[in-house]
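One file, model.txt, is given below (compact mmCIF, C-alpha atoms).
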# COMPACT_ATOMS: atom_id res chain seq x y z
CA MET H 22 -23.54 -4.12 16.16
CA ASN H 23 -21.99 -0.65 16.32
CA LYS H 24 -22.19 1.84 13.46
CA ARG H 25 -18.55 1.50 12.39
CA ARG H 26 -18.84 -2.27 12.14
CA ALA H 27 -22.06 -1.96 10.17
CA ALA H 28 -20.41 0.57 7.84
CA ALA H 29 -17.41 -1.73 7.31
CA ILE H 30 -19.65 -4.68 6.47
CA ALA H 31 -21.71 -2.53 4.10
CA ILE H 32 -18.52 -1.31 2.34
CA LEU H 33 -17.26 -4.89 2.16
CA ALA H 34 -20.54 -5.97 0.55
CA VAL H 35 -20.39 -3.10 -1.95
CA GLY H 36 -16.78 -4.01 -2.70
CA ILE H 37 -17.69 -7.63 -3.43
CA LEU H 38 -20.55 -6.51 -5.70
CA LEU H 39 -18.20 -4.16 -7.57
CA ILE H 40 -15.65 -6.94 -8.01
CA ALA H 41 -18.37 -9.13 -9.51
CA ALA H 42 -19.51 -6.28 -11.78
CA GLY H 43 -15.90 -5.69 -12.87
CA ILE H 44 -15.42 -9.35 -13.72
CA TYR H 45 -18.69 -9.30 -15.68
CA ARG H 46 -17.51 -6.24 -17.67
CA GLY H 47 -14.31 -8.00 -18.68
CA GLU H 48 -11.95 -5.81 -16.66
CA ILE H 49 -9.83 -8.78 -15.66
CA ASP H 50 -8.86 -9.26 -19.28
CA ALA H 51 -7.85 -5.59 -19.58
CA ILE H 52 -5.69 -5.87 -16.46
CA PHE H 53 -4.14 -9.15 -17.56
CA LYS H 54 -3.20 -7.78 -20.99
CA LYS H 55 -1.52 -4.76 -19.42
CA ALA H 56 0.24 -6.71 -16.67
CA VAL H 57 1.92 -9.40 -18.77
CA ILE H 58 3.80 -7.06 -21.09
CA VAL H 59 6.41 -4.46 -20.22
CA CYS H 60 4.25 -1.35 -19.81
CA MET H 61 6.71 1.33 -20.95
CA GLU H 62 4.59 4.26 -19.82
CA CYS H 63 3.89 2.60 -16.46
CA ILE H 64 7.59 2.62 -15.61
CA GLY H 65 8.52 5.99 -17.08
CA LEU H 66 10.17 4.75 -20.26
CA GLY H 67 7.54 5.75 -22.78
CA MET V 9 10.15 -14.70 28.38
CA ALA V 10 10.98 -12.77 25.20
CA ASP V 11 10.66 -9.00 25.13
CA PRO V 12 7.15 -8.21 23.72
CA VAL V 13 8.52 -5.38 21.54
CA PHE V 14 11.08 -7.76 19.99
CA LYS V 15 8.46 -10.51 19.53
CA GLN V 16 6.09 -8.08 17.84
CA LYS V 17 8.82 -6.83 15.51
CA ILE V 18 9.86 -10.35 14.51
CA ARG V 19 6.27 -11.49 13.96
CA ARG V 20 5.48 -8.51 11.75
CA LYS V 21 8.73 -8.81 9.82
CA LEU V 22 8.04 -12.48 9.06
CA ILE V 23 4.58 -11.60 7.71
CA GLN V 24 6.06 -8.75 5.64
CA ILE V 25 8.74 -11.02 4.19
CA ALA V 26 6.17 -13.72 3.39
CA ALA V 27 3.94 -11.13 1.64
CA PHE V 28 6.94 -9.75 -0.25
CA GLY V 29 7.97 -13.26 -1.30
CA PHE V 30 4.48 -14.22 -2.44
CA THR V 31 4.02 -11.00 -4.42
CA ASN V 32 7.46 -11.35 -6.03
CA CYS V 33 7.90 -15.10 -6.23
CA HIS V 34 9.42 -15.06 -9.74
CA ALA V 35 12.74 -13.60 -8.63
CA GLY V 36 14.57 -15.72 -11.21
CA ASN V 37 13.10 -13.44 -13.88
CA PHE V 38 15.45 -10.67 -12.75
CA ILE V 39 18.20 -12.56 -14.61
CA THR V 40 16.29 -13.03 -17.86
CA GLY V 41 14.31 -9.77 -17.66
CA LYS V 42 11.11 -11.56 -18.68
CA LEU V 43 7.79 -10.91 -16.97
CA TYR V 44 5.64 -13.63 -15.44
CA ASN V 45 2.60 -13.97 -17.70
CA GLY V 46 0.47 -16.54 -15.87
CA LYS V 47 -3.12 -16.33 -14.68
CA PHE V 48 -2.29 -14.84 -11.27
CA LYS V 49 -1.64 -11.54 -13.07
CA GLU V 50 -5.44 -11.23 -13.32
CA PHE V 51 -5.50 -10.59 -9.58
CA CYS V 52 -4.34 -7.54 -7.67
CA THR V 53 -2.05 -7.53 -4.67
CA PRO V 54 -3.30 -5.37 -1.78
CA GLY V 55 0.01 -3.45 -1.58
CA LEU V 56 2.03 -1.35 -4.00
CA ASN V 57 4.08 -3.58 -6.31
CA CYS V 58 4.70 -2.82 -9.98
CA TYR V 59 3.29 -5.41 -12.41
CA SER V 60 6.14 -4.64 -14.77
CA CYS V 61 8.55 -5.95 -12.14
CA PRO V 62 10.06 -9.19 -13.55
CA ALA V 63 9.48 -10.95 -10.22
CA ALA V 64 5.85 -9.86 -9.79
CA ALA V 65 3.28 -12.66 -9.60
CA VAL V 66 0.23 -10.41 -9.28
CA SER V 67 -0.86 -6.97 -10.46
CA CYS V 68 -0.50 -3.59 -8.78
CA PRO V 69 -3.93 -2.18 -7.82
CA ILE V 70 -3.00 1.40 -8.80
CA GLY V 71 -1.53 0.29 -12.14
CA SER V 72 -4.58 -1.90 -12.78
CA LEU V 73 -6.97 0.90 -11.85
CA LEU V 74 -5.26 3.26 -14.28
CA ALA V 75 -5.03 0.60 -17.00
CA VAL V 76 -8.81 0.13 -16.91
CA THR V 77 -9.56 3.87 -16.50
CA GLY V 78 -7.43 4.56 -19.56
CA ARG V 79 -9.66 2.47 -21.81
CA ALA V 80 -12.48 4.38 -23.50
CA ASP V 81 -14.76 1.31 -23.39
CA LEU V 82 -14.42 0.91 -19.60
CA LYS V 83 -13.43 4.34 -18.10
CA VAL V 84 -13.79 3.24 -14.47
CA SER V 85 -12.65 0.05 -12.79
CA PHE V 86 -15.39 -1.58 -10.74
CA TYR V 87 -13.09 -4.55 -10.18
CA VAL V 88 -10.19 -2.63 -8.64
CA TRP V 89 -12.31 -0.15 -6.68
CA GLY V 90 -14.31 -3.09 -5.34
CA PHE V 91 -11.09 -4.86 -4.39
CA LEU V 92 -9.74 -1.77 -2.59
CA LEU V 93 -13.03 -1.19 -0.76
CA ALA V 94 -13.31 -4.83 0.31
CA ILE V 95 -9.69 -5.11 1.49
CA GLY V 96 -9.81 -1.68 3.13
CA ALA V 97 -13.08 -2.38 4.94
CA VAL V 98 -11.54 -5.50 6.48
CA LEU V 99 -7.90 -4.49 7.08
CA GLY V 100 -7.62 -0.71 6.62
CA ARG V 101 -3.99 0.37 6.56
CA ALA V 102 -2.86 -2.90 8.12
CA VAL V 103 -2.13 -3.62 4.45
CA CYS V 104 0.60 -0.96 4.61
CA GLY V 105 1.96 -2.34 7.87
CA PHE V 106 2.02 -6.01 6.95
CA LEU V 107 1.41 -6.75 3.27
CA CYS V 108 2.93 -3.96 1.17
CA PRO V 109 6.30 -4.86 -0.44
CA PHE V 110 7.23 -1.18 -0.80
CA GLY V 111 6.39 -0.72 2.88
CA LEU V 112 8.92 -3.41 3.79
CA LEU V 113 11.60 -1.68 1.70
CA GLN V 114 10.84 1.58 3.53
CA ASP V 115 11.06 -0.15 6.91
CA MET V 116 14.47 -1.55 5.96
CA LEU V 117 15.70 1.91 4.97
CA GLY V 118 14.19 3.39 8.13
CA ALA V 119 16.04 0.83 10.25
CA ILE V 120 19.37 2.41 9.28
CA PRO V 121 20.37 4.23 12.46
CA LEU V 122 20.26 7.90 11.41
CA PHE V 123 18.41 10.73 13.11
CA LYS V 124 14.70 10.70 12.31
CA LEU V 125 12.51 13.67 11.50
CA ARG V 126 8.75 14.09 11.89
CA LEU V 127 6.90 15.13 8.77
CA PRO V 128 4.58 18.13 9.33
CA LYS V 129 1.01 16.87 9.51
CA ALA V 130 -0.10 19.11 6.63
CA LEU V 131 2.21 17.19 4.27
CA THR V 132 0.37 13.94 4.98
CA TYR V 133 -2.55 15.37 2.97
CA VAL V 134 -0.42 15.48 -0.20
CA LYS V 135 -1.22 11.80 -0.83
CA TYR V 136 -4.94 12.64 -1.04
CA VAL V 137 -4.19 15.29 -3.67
CA ILE V 138 -2.16 12.70 -5.62
CA LEU V 139 -5.00 10.17 -5.32
CA GLY V 140 -7.55 12.73 -6.48
CA ALA V 141 -5.51 14.30 -9.27
CA PHE V 142 -3.24 11.57 -10.67
CA VAL V 143 -5.40 8.50 -10.06
CA ILE V 144 -9.02 9.67 -10.29
CA VAL V 145 -9.81 13.09 -11.78
CA ILE V 146 -7.24 13.77 -14.53
CA PRO V 147 -7.22 10.20 -15.97
CA THR V 148 -11.04 10.13 -15.99
CA VAL V 149 -11.35 13.59 -17.59
CA LEU V 150 -8.72 12.68 -20.18
CA VAL V 151 -10.38 9.42 -21.15
CA ILE V 152 -13.78 11.10 -21.46
CA ALA V 153 -12.34 14.02 -23.45
CA THR V 154 -9.83 12.22 -25.67
CA GLY V 155 -10.77 8.54 -25.51
CA LYS V 156 -7.57 7.48 -23.77
CA SER V 157 -5.38 8.40 -20.82
CA ALA V 158 -1.95 7.44 -19.59
CA PRO V 159 -1.42 5.82 -16.17
CA LEU V 160 -0.40 9.20 -14.75
CA PHE V 161 0.68 8.19 -11.25
CA CYS V 162 2.75 5.30 -12.59
CA LYS V 163 4.20 7.35 -15.43
CA TYR V 164 5.20 10.49 -13.56
CA ILE V 165 5.53 9.61 -9.87
CA CYS V 166 5.62 5.98 -8.76
CA PRO V 167 9.08 5.17 -7.33
CA ALA V 168 8.09 1.50 -6.93
CA GLY V 169 7.71 1.23 -10.72
CA THR V 170 11.13 2.80 -11.26
CA LEU V 171 12.83 0.56 -8.71
CA GLU V 172 11.04 -2.71 -9.41
CA GLY V 173 10.24 -2.27 -13.11
CA ALA V 174 12.39 0.27 -14.94
CA VAL V 175 15.77 -0.41 -13.29
CA PRO V 176 15.82 -4.22 -13.67
CA LEU V 177 14.42 -4.03 -17.19
CA LEU V 178 17.01 -1.45 -18.25
CA LEU V 179 19.74 -3.66 -16.82
CA THR V 180 18.57 -6.71 -18.78
CA HIS V 181 17.28 -5.13 -22.02
CA GLU V 182 19.90 -3.17 -23.91
CA GLN V 183 17.32 -2.05 -26.49
CA LEU V 184 15.23 -0.32 -23.80
CA ARG V 185 18.08 1.96 -22.78
CA ASP V 186 17.43 4.30 -25.72
CA SER V 187 13.98 4.94 -24.23
CA ALA V 188 15.41 6.25 -20.97
CA GLY V 189 14.94 9.96 -21.57
CA ALA V 190 13.97 12.96 -19.44
CA LEU V 191 10.90 11.20 -18.03
CA PHE V 192 12.98 8.30 -16.74
CA TRP V 193 15.49 10.68 -15.13
CA LEU V 194 12.64 12.63 -13.51
CA LYS V 195 11.33 9.39 -12.04
CA ALA V 196 14.81 8.27 -11.04
CA GLY V 197 15.14 11.61 -9.22
CA ILE V 198 11.86 10.97 -7.39
CA LEU V 199 13.11 7.50 -6.43
CA VAL V 200 16.35 8.95 -5.04
CA LEU V 201 14.39 11.58 -3.08
CA VAL V 202 12.09 8.89 -1.68
CA ILE V 203 15.06 6.72 -0.65
CA LEU V 204 16.72 9.71 1.03
CA GLY V 205 13.39 10.63 2.63
CA CYS V 206 13.00 7.12 4.03
CA LEU V 207 16.42 7.33 5.66
CA PHE V 208 15.37 10.35 7.72
CA VAL V 209 11.56 10.06 7.93
CA ARG V 210 10.05 6.70 8.79
CA ARG V 211 7.66 5.50 6.07
CA PHE V 212 8.30 8.70 4.08
CA PHE V 213 6.51 7.50 0.93
CA CYS V 214 3.51 6.11 2.86
CA LYS V 215 3.05 9.37 4.72
CA LEU V 216 3.57 11.74 1.83
CA LEU V 217 2.82 10.21 -1.57
CA CYS V 218 1.09 6.84 -1.59
CA PRO V 219 -2.41 6.95 -3.17
CA LEU V 220 -3.05 3.41 -2.00
CA GLY V 221 -2.33 4.47 1.58
CA ALA V 222 -4.76 7.33 1.06
CA VAL V 223 -7.59 4.94 0.10
CA TYR V 224 -6.88 2.54 2.95
CA GLY V 225 -6.40 5.47 5.34
CA LEU V 226 -9.92 6.71 4.68
CA LEU V 227 -11.21 3.19 5.36
CA ASN V 228 -9.22 3.05 8.63
CA LYS V 229 -12.11 4.99 10.16
CA VAL V 230 -14.38 1.96 9.89
CA SER V 231 -12.13 -1.05 9.18
CA LEU V 232 -12.96 -4.30 10.97
CA TYR V 233 -9.29 -4.81 11.94
CA HIS V 234 -8.70 -1.90 14.26
CA LEU V 235 -6.87 -0.57 17.24
CA THR V 236 -8.63 -0.06 20.57
CA VAL V 237 -7.37 1.83 23.61
CA ASP V 238 -8.82 1.00 27.01
CA LYS V 239 -8.62 4.43 28.63
CA SER V 240 -9.32 2.99 32.08
CA LYS V 241 -5.98 1.13 31.83
CA CYS V 242 -4.00 3.91 30.10
CA ILE V 243 -1.44 5.58 32.40
CA ASP V 244 -0.67 8.44 29.96
CA CYS V 245 3.02 7.55 29.75
CA GLY V 246 3.20 8.54 26.08
CA ARG V 247 5.31 5.53 25.06
CA CYS V 248 2.82 4.54 22.36
CA ALA V 249 2.97 7.93 20.63
CA GLY V 250 6.75 8.01 21.05
CA CYS V 251 7.36 4.72 19.25
CA CYS V 252 4.80 5.12 16.43
CA PRO V 253 6.50 5.06 13.01
CA MET V 254 3.58 7.03 11.56
CA ASP V 255 3.70 9.77 14.24
CA VAL V 256 0.21 8.92 15.53
CA ASP V 257 -0.90 9.29 19.14
CA PRO V 258 -3.08 6.15 19.42
CA VAL V 259 -4.66 7.30 22.69
CA LYS V 260 -6.02 10.43 21.04
CA HIS V 261 -6.60 8.99 17.56
CA PRO V 262 -6.95 5.18 17.57
CA ARG V 263 -8.70 5.34 14.19
CA SER V 264 -6.17 7.72 12.62
CA ALA V 265 -5.91 7.52 8.82
CA GLU V 266 -2.14 7.31 9.27
CA CYS V 267 -2.11 4.26 11.58
CA ILE V 268 -0.72 1.20 9.78
CA ARG V 269 -1.73 -1.17 12.63
CA CYS V 270 1.89 -2.27 12.99
CA GLY V 271 1.42 -3.00 16.69
CA ALA V 272 4.49 -1.08 17.90
CA CYS V 273 2.28 0.89 20.33
CA ARG V 274 0.65 -2.25 21.70
CA ALA V 275 4.03 -3.85 22.31
CA ALA V 276 5.36 -0.70 23.98
CA CYS V 277 2.35 -0.14 26.26
CA PRO V 278 3.34 -1.13 29.84
CA ALA V 279 -0.31 -1.19 30.97
CA GLY V 280 -1.71 -3.47 28.27
CA ALA V 281 -4.23 -0.77 27.36
CA ILE V 282 -3.92 -1.20 23.59
CA THR V 283 -5.40 -4.07 21.62
CA ILE V 284 -5.52 -4.66 17.88
CA GLY V 285 -7.86 -7.09 16.21
CA PHE V 286 -11.25 -7.69 14.62
CA GLY V 287 -13.41 -7.77 17.71
CA ASP V 288 -14.25 -5.63 20.69
CA GLY V 289 -11.11 -4.51 22.52
CA LYS V 290 -12.41 -5.35 25.98
CA LYS V 291 -13.41 -8.87 25.00
CA ARG V 292 -9.96 -9.47 23.45
CA ALA V 293 -8.16 -8.11 26.49
CA GLY V 294 -10.23 -10.42 28.67
CA THR V 295 -9.35 -13.39 26.50
CA GLU V 296 -5.64 -12.56 26.60
CA GLU V 297 -5.72 -12.21 30.38
CA ALA V 298 -7.52 -15.55 30.69
CA ALA V 299 -4.98 -17.21 28.40
CA GLU V 300 -2.08 -15.86 30.45
CA ALA V 301 -3.65 -16.98 33.77

Now that the file is in, can you turn its structure into structure tokens?
Amino acid sequence: MNKRRAAAIAILAVGILLIAAGIYRGEIDAIFKKAVIVCMECIGLG
Amino acid sequence: MADPVFKQKIRRKLIQIAAFGFTNCHAGNFITGKLYNGKFKEFCTPGLNCYSCPAAAVSCPIGSLLAVTGRADLKVSFYVWGFLLAIGAVLGRAVCGFLCPFGLLQDMLGAIPLFKLRLPKALTYVKYVILGAFVIVIPTVLVIATGKSAPLFCKYICPAGTLEGAVPLLLTHEQLRDSAGALFWLKAGILVLVILGCLFVRRFFCKLLCPLGAVYGLLNKVSLYHLTVDKSKCIDCGRCAGCCPMDVDPVKHPRSAECIRCGACRAACPAGAITIGFGDGKKRAGTEEAAEA
């Protein structure tokens, strides 16, 4: 396995671990709450 | 037998349209101005697509990142950074070439037959400054110092949010129109500049401003889905560099941070020296030759 491939797989593994950590911290709920309402400041209206 | 350049363009366009349709499958909401509020909004789309767009079925990764960063109890989004790292490690900027709804809009504008300019290479680094300043450093410093921070990129720059979120919502919600002040007109100006830029520079926003492209571009250096040039087959005709929408010379820089893996160079190569995929280029070329024989 070349170094680039190994690096990509390592980054992928770290990414999956971070996703799991984010879910555990309750980030999904924070994203959901923001995404289902009109976010005035996100679109330059507030 | 169909022209390979035409086949490649059609194949990519179909994938782009499918990705656009999936990401914005609630198009009926443009009439009512309501947002989809189902469970899919918990997930991010790999490309840039405003979650305040009435049609959006999933969340924008940059908006989500800034939403979490802006909360004093969270400060940094493991979930979104993990998502970006995982997607980027597998696909790199193929996301920009195939899955990004705003990328498709830019391609459509770029297809209008006007003269095209090349952006100076130095300007392609602006997107890294935007990523660093508006997405990472300033929001993090603000939330640590004050306990909250605004989604700065979305609020002050993002033309996708203006086009997909602000404009349709202003058209359908009379009460929102009073909120359209100087900030909205600043963002509308940025949107107009981006649209004009896309008419004369292919993928203007991707090259110059997109923080998502910056993240995936850095991961292009190692991504599993990559471009390979077999230099023993290359005849140095320069067709690949000439047709690249991102102004990359794939022979010199097959792992360029700008390459969106669109495949235009592969289709244009008369020697079959360029391959794109997950595996070793030579093995793939061998397989393709065997399949053709």

Per residue of chain H within 7 Å of chain V, which atom pair is closest and at what distance in Å (one decimal), using all atoms listed in the file, listed by chain and increasing number, as a tab-separated table?
residue	atom	partner	partner_atom	distance
H:Arg25	CA	V:Val230	CA	4.9
H:Arg26	CA	V:Leu232	CA	6.3
H:Ala28	CA	V:Val230	CA	6.5
H:Ala29	CA	V:Ala97	CA	5.0
H:Ile32	CA	V:Ala97	CA	6.1
H:Leu33	CA	V:Ala94	CA	4.4
H:Val35	CA	V:Gly90	CA	7.0
H:Gly36	CA	V:Gly90	CA	3.7
H:Ile37	CA	V:Gly90	CA	6.0
H:Leu39	CA	V:Gly90	CA	4.6
H:Ile40	CA	V:Tyr87	CA	4.1
H:Ala42	CA	V:Phe86	CA	6.3
H:Gly43	CA	V:Tyr87	CA	4.1
H:Ile44	CA	V:Tyr87	CA	6.4
H:Glu48	CA	V:Tyr87	CA	6.7
H:Ile49	CA	V:Glu50	CA	5.5
H:Ala51	CA	V:Val76	CA	6.4
H:Ile52	CA	V:Ser72	CA	5.5
H:Phe53	CA	V:Glu50	CA	4.9
H:Lys55	CA	V:Ala75	CA	6.8
H:Ala56	CA	V:Tyr59	CA	5.4
H:Val57	CA	V:Asn45	CA	4.7
H:Ile58	CA	V:Leu43	CA	6.9
H:Val59	CA	V:Ser60	CA	5.5
H:Cys60	CA	V:Ser60	CA	6.3
H:Glu62	CA	V:Lys163	CA	5.4
H:Cys63	CA	V:Cys162	CA	4.9
H:Ile64	CA	V:Gly169	CA	5.1
H:Gly65	CA	V:Lys163	CA	4.8
H:Leu66	CA	V:Ala188	CA	5.5
H:Gly67	CA	V:Ser187	CA	6.7

* To do: Would you kindly return, as a PyMOL selection string, each protein, DNA or RNA residue with an atom no farther than 8 Å from any atom of region 253-265 of chain V, considering all atoms listed in the file and excluding same-chain residues fewer than 6 positions away?
  => chain V and resi 101+126+210-211+215+222+224-230+234-237+239+273

Hey, can you spit out that residue selection with C-alpha atoms as a CSV table (one decimal), in the coordinates of the input?
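This is the output file out.csv:
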chain,number,residue,atom,x,y,z
V,101,ARG,CA,-4.0,0.4,6.6
V,126,ARG,CA,8.8,14.1,11.9
V,210,ARG,CA,10.0,6.7,8.8
V,211,ARG,CA,7.7,5.5,6.1
V,215,LYS,CA,3.0,9.4,4.7
V,222,ALA,CA,-4.8,7.3,1.1
V,224,TYR,CA,-6.9,2.5,3.0
V,225,GLY,CA,-6.4,5.5,5.3
V,226,LEU,CA,-9.9,6.7,4.7
V,227,LEU,CA,-11.2,3.2,5.4
V,228,ASN,CA,-9.2,3.0,8.6
V,229,LYS,CA,-12.1,5.0,10.2
V,230,VAL,CA,-14.4,2.0,9.9
V,234,HIS,CA,-8.7,-1.9,14.3
V,235,LEU,CA,-6.9,-0.6,17.2
V,236,THR,CA,-8.6,-0.1,20.6
V,237,VAL,CA,-7.4,1.8,23.6
V,239,LYS,CA,-8.6,4.4,28.6
V,273,CYS,CA,2.3,0.9,20.3

* Asked: Which neighbours of Lys17 (chain V) fall inside 9 Å, counting all atoms listed in the file, when residues of the same chain fewer than 2 positions from it are skipped, and could you give them as number ranges by chain?
  -> V: 12-15, 19-22, 270-272, 275

* Structure fact -> The distance between CA of Thr53 (chain V) and CA of Ile268 (chain V) is 16.9 Å

* To do: Compile the contact shell of Cys108 (chain V) as a ChimeraX atom specification: residues with an atom at most 8 Å away, counting only C-alpha atoms, same-chain residues fewer than 4 positions apart removed.
  => /V:24,27-28,54-57,103-104,112

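A straight line drawn from CA of Phe208 (chain V) to CA of Gly140 (chain V) is 27.1 Å long.
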
* Tell me, in Å to one decimal, how far CA of Leu139 (chain V) is from CA of Pro219 (chain V). => 4.7 Å

What does region 27-44 of chain H look like written to a file with N, CA, C and O atoms, as a compact mmCIF listing (two decimals), in the first residue's frame?
# COMPACT_ATOMS: atom_id res chain seq x y z
N ALA H 27 -2.43 5.00 2.26
CA ALA H 27 -2.45 4.80 3.71
C ALA H 27 -2.93 6.06 4.41
O ALA H 27 -3.73 5.99 5.36
N ALA H 28 -2.46 7.23 3.93
CA ALA H 28 -2.89 8.50 4.53
C ALA H 28 -4.39 8.69 4.36
O ALA H 28 -5.09 9.12 5.30
N ALA H 29 -4.90 8.39 3.16
CA ALA H 29 -6.33 8.56 2.90
C ALA H 29 -7.15 7.66 3.82
O ALA H 29 -8.18 8.09 4.39
N ILE H 30 -6.71 6.43 3.99
CA ILE H 30 -7.46 5.50 4.85
C ILE H 30 -7.39 5.95 6.31
O ILE H 30 -8.39 5.88 7.04
N ALA H 31 -6.23 6.46 6.72
CA ALA H 31 -6.10 6.98 8.09
C ALA H 31 -7.03 8.18 8.29
O ALA H 31 -7.72 8.28 9.32
N ILE H 32 -7.09 9.09 7.31
CA ILE H 32 -7.96 10.27 7.42
C ILE H 32 -9.43 9.83 7.44
O ILE H 32 -10.25 10.35 8.21
N LEU H 33 -9.75 8.85 6.60
CA LEU H 33 -11.12 8.32 6.59
C LEU H 33 -11.50 7.75 7.96
O LEU H 33 -12.59 8.02 8.48
N ALA H 34 -10.56 7.01 8.56
CA ALA H 34 -10.83 6.42 9.88
C ALA H 34 -11.01 7.51 10.94
O ALA H 34 -11.94 7.44 11.76
N VAL H 35 -10.16 8.54 10.88
CA VAL H 35 -10.29 9.66 11.82
C VAL H 35 -11.63 10.35 11.61
O VAL H 35 -12.34 10.70 12.57
N GLY H 36 -12.00 10.54 10.35
CA GLY H 36 -13.27 11.17 10.03
C GLY H 36 -14.45 10.41 10.62
O GLY H 36 -15.35 11.00 11.22
N ILE H 37 -14.42 9.09 10.48
CA ILE H 37 -15.52 8.26 11.01
C ILE H 37 -15.57 8.36 12.54
O ILE H 37 -16.66 8.49 13.13
N LEU H 38 -14.40 8.36 13.16
CA LEU H 38 -14.35 8.51 14.63
C LEU H 38 -14.91 9.87 15.06
O LEU H 38 -15.65 9.97 16.05
N LEU H 39 -14.56 10.92 14.31
CA LEU H 39 -15.06 12.26 14.65
C LEU H 39 -16.58 12.33 14.47
O LEU H 39 -17.28 12.97 15.27
N ILE H 40 -17.08 11.69 13.42
CA ILE H 40 -18.53 11.68 13.21
C ILE H 40 -19.21 11.03 14.42
O ILE H 40 -20.19 11.56 14.97
N ALA H 41 -18.65 9.90 14.85
CA ALA H 41 -19.23 9.21 16.02
C ALA H 41 -19.16 10.09 17.26
O ALA H 41 -20.14 10.18 18.03
N ALA H 42 -18.01 10.77 17.44
CA ALA H 42 -17.87 11.66 18.61
C ALA H 42 -18.89 12.81 18.54
O ALA H 42 -19.48 13.19 19.55
N GLY H 43 -19.08 13.34 17.33
CA GLY H 43 -20.04 14.43 17.14
C GLY H 43 -21.46 14.00 17.45
O GLY H 43 -22.22 14.73 18.09
N ILE H 44 -21.81 12.80 17.01
CA ILE H 44 -23.15 12.28 17.31
C ILE H 44 -23.31 12.12 18.83
O ILE H 44 -24.33 12.49 19.40
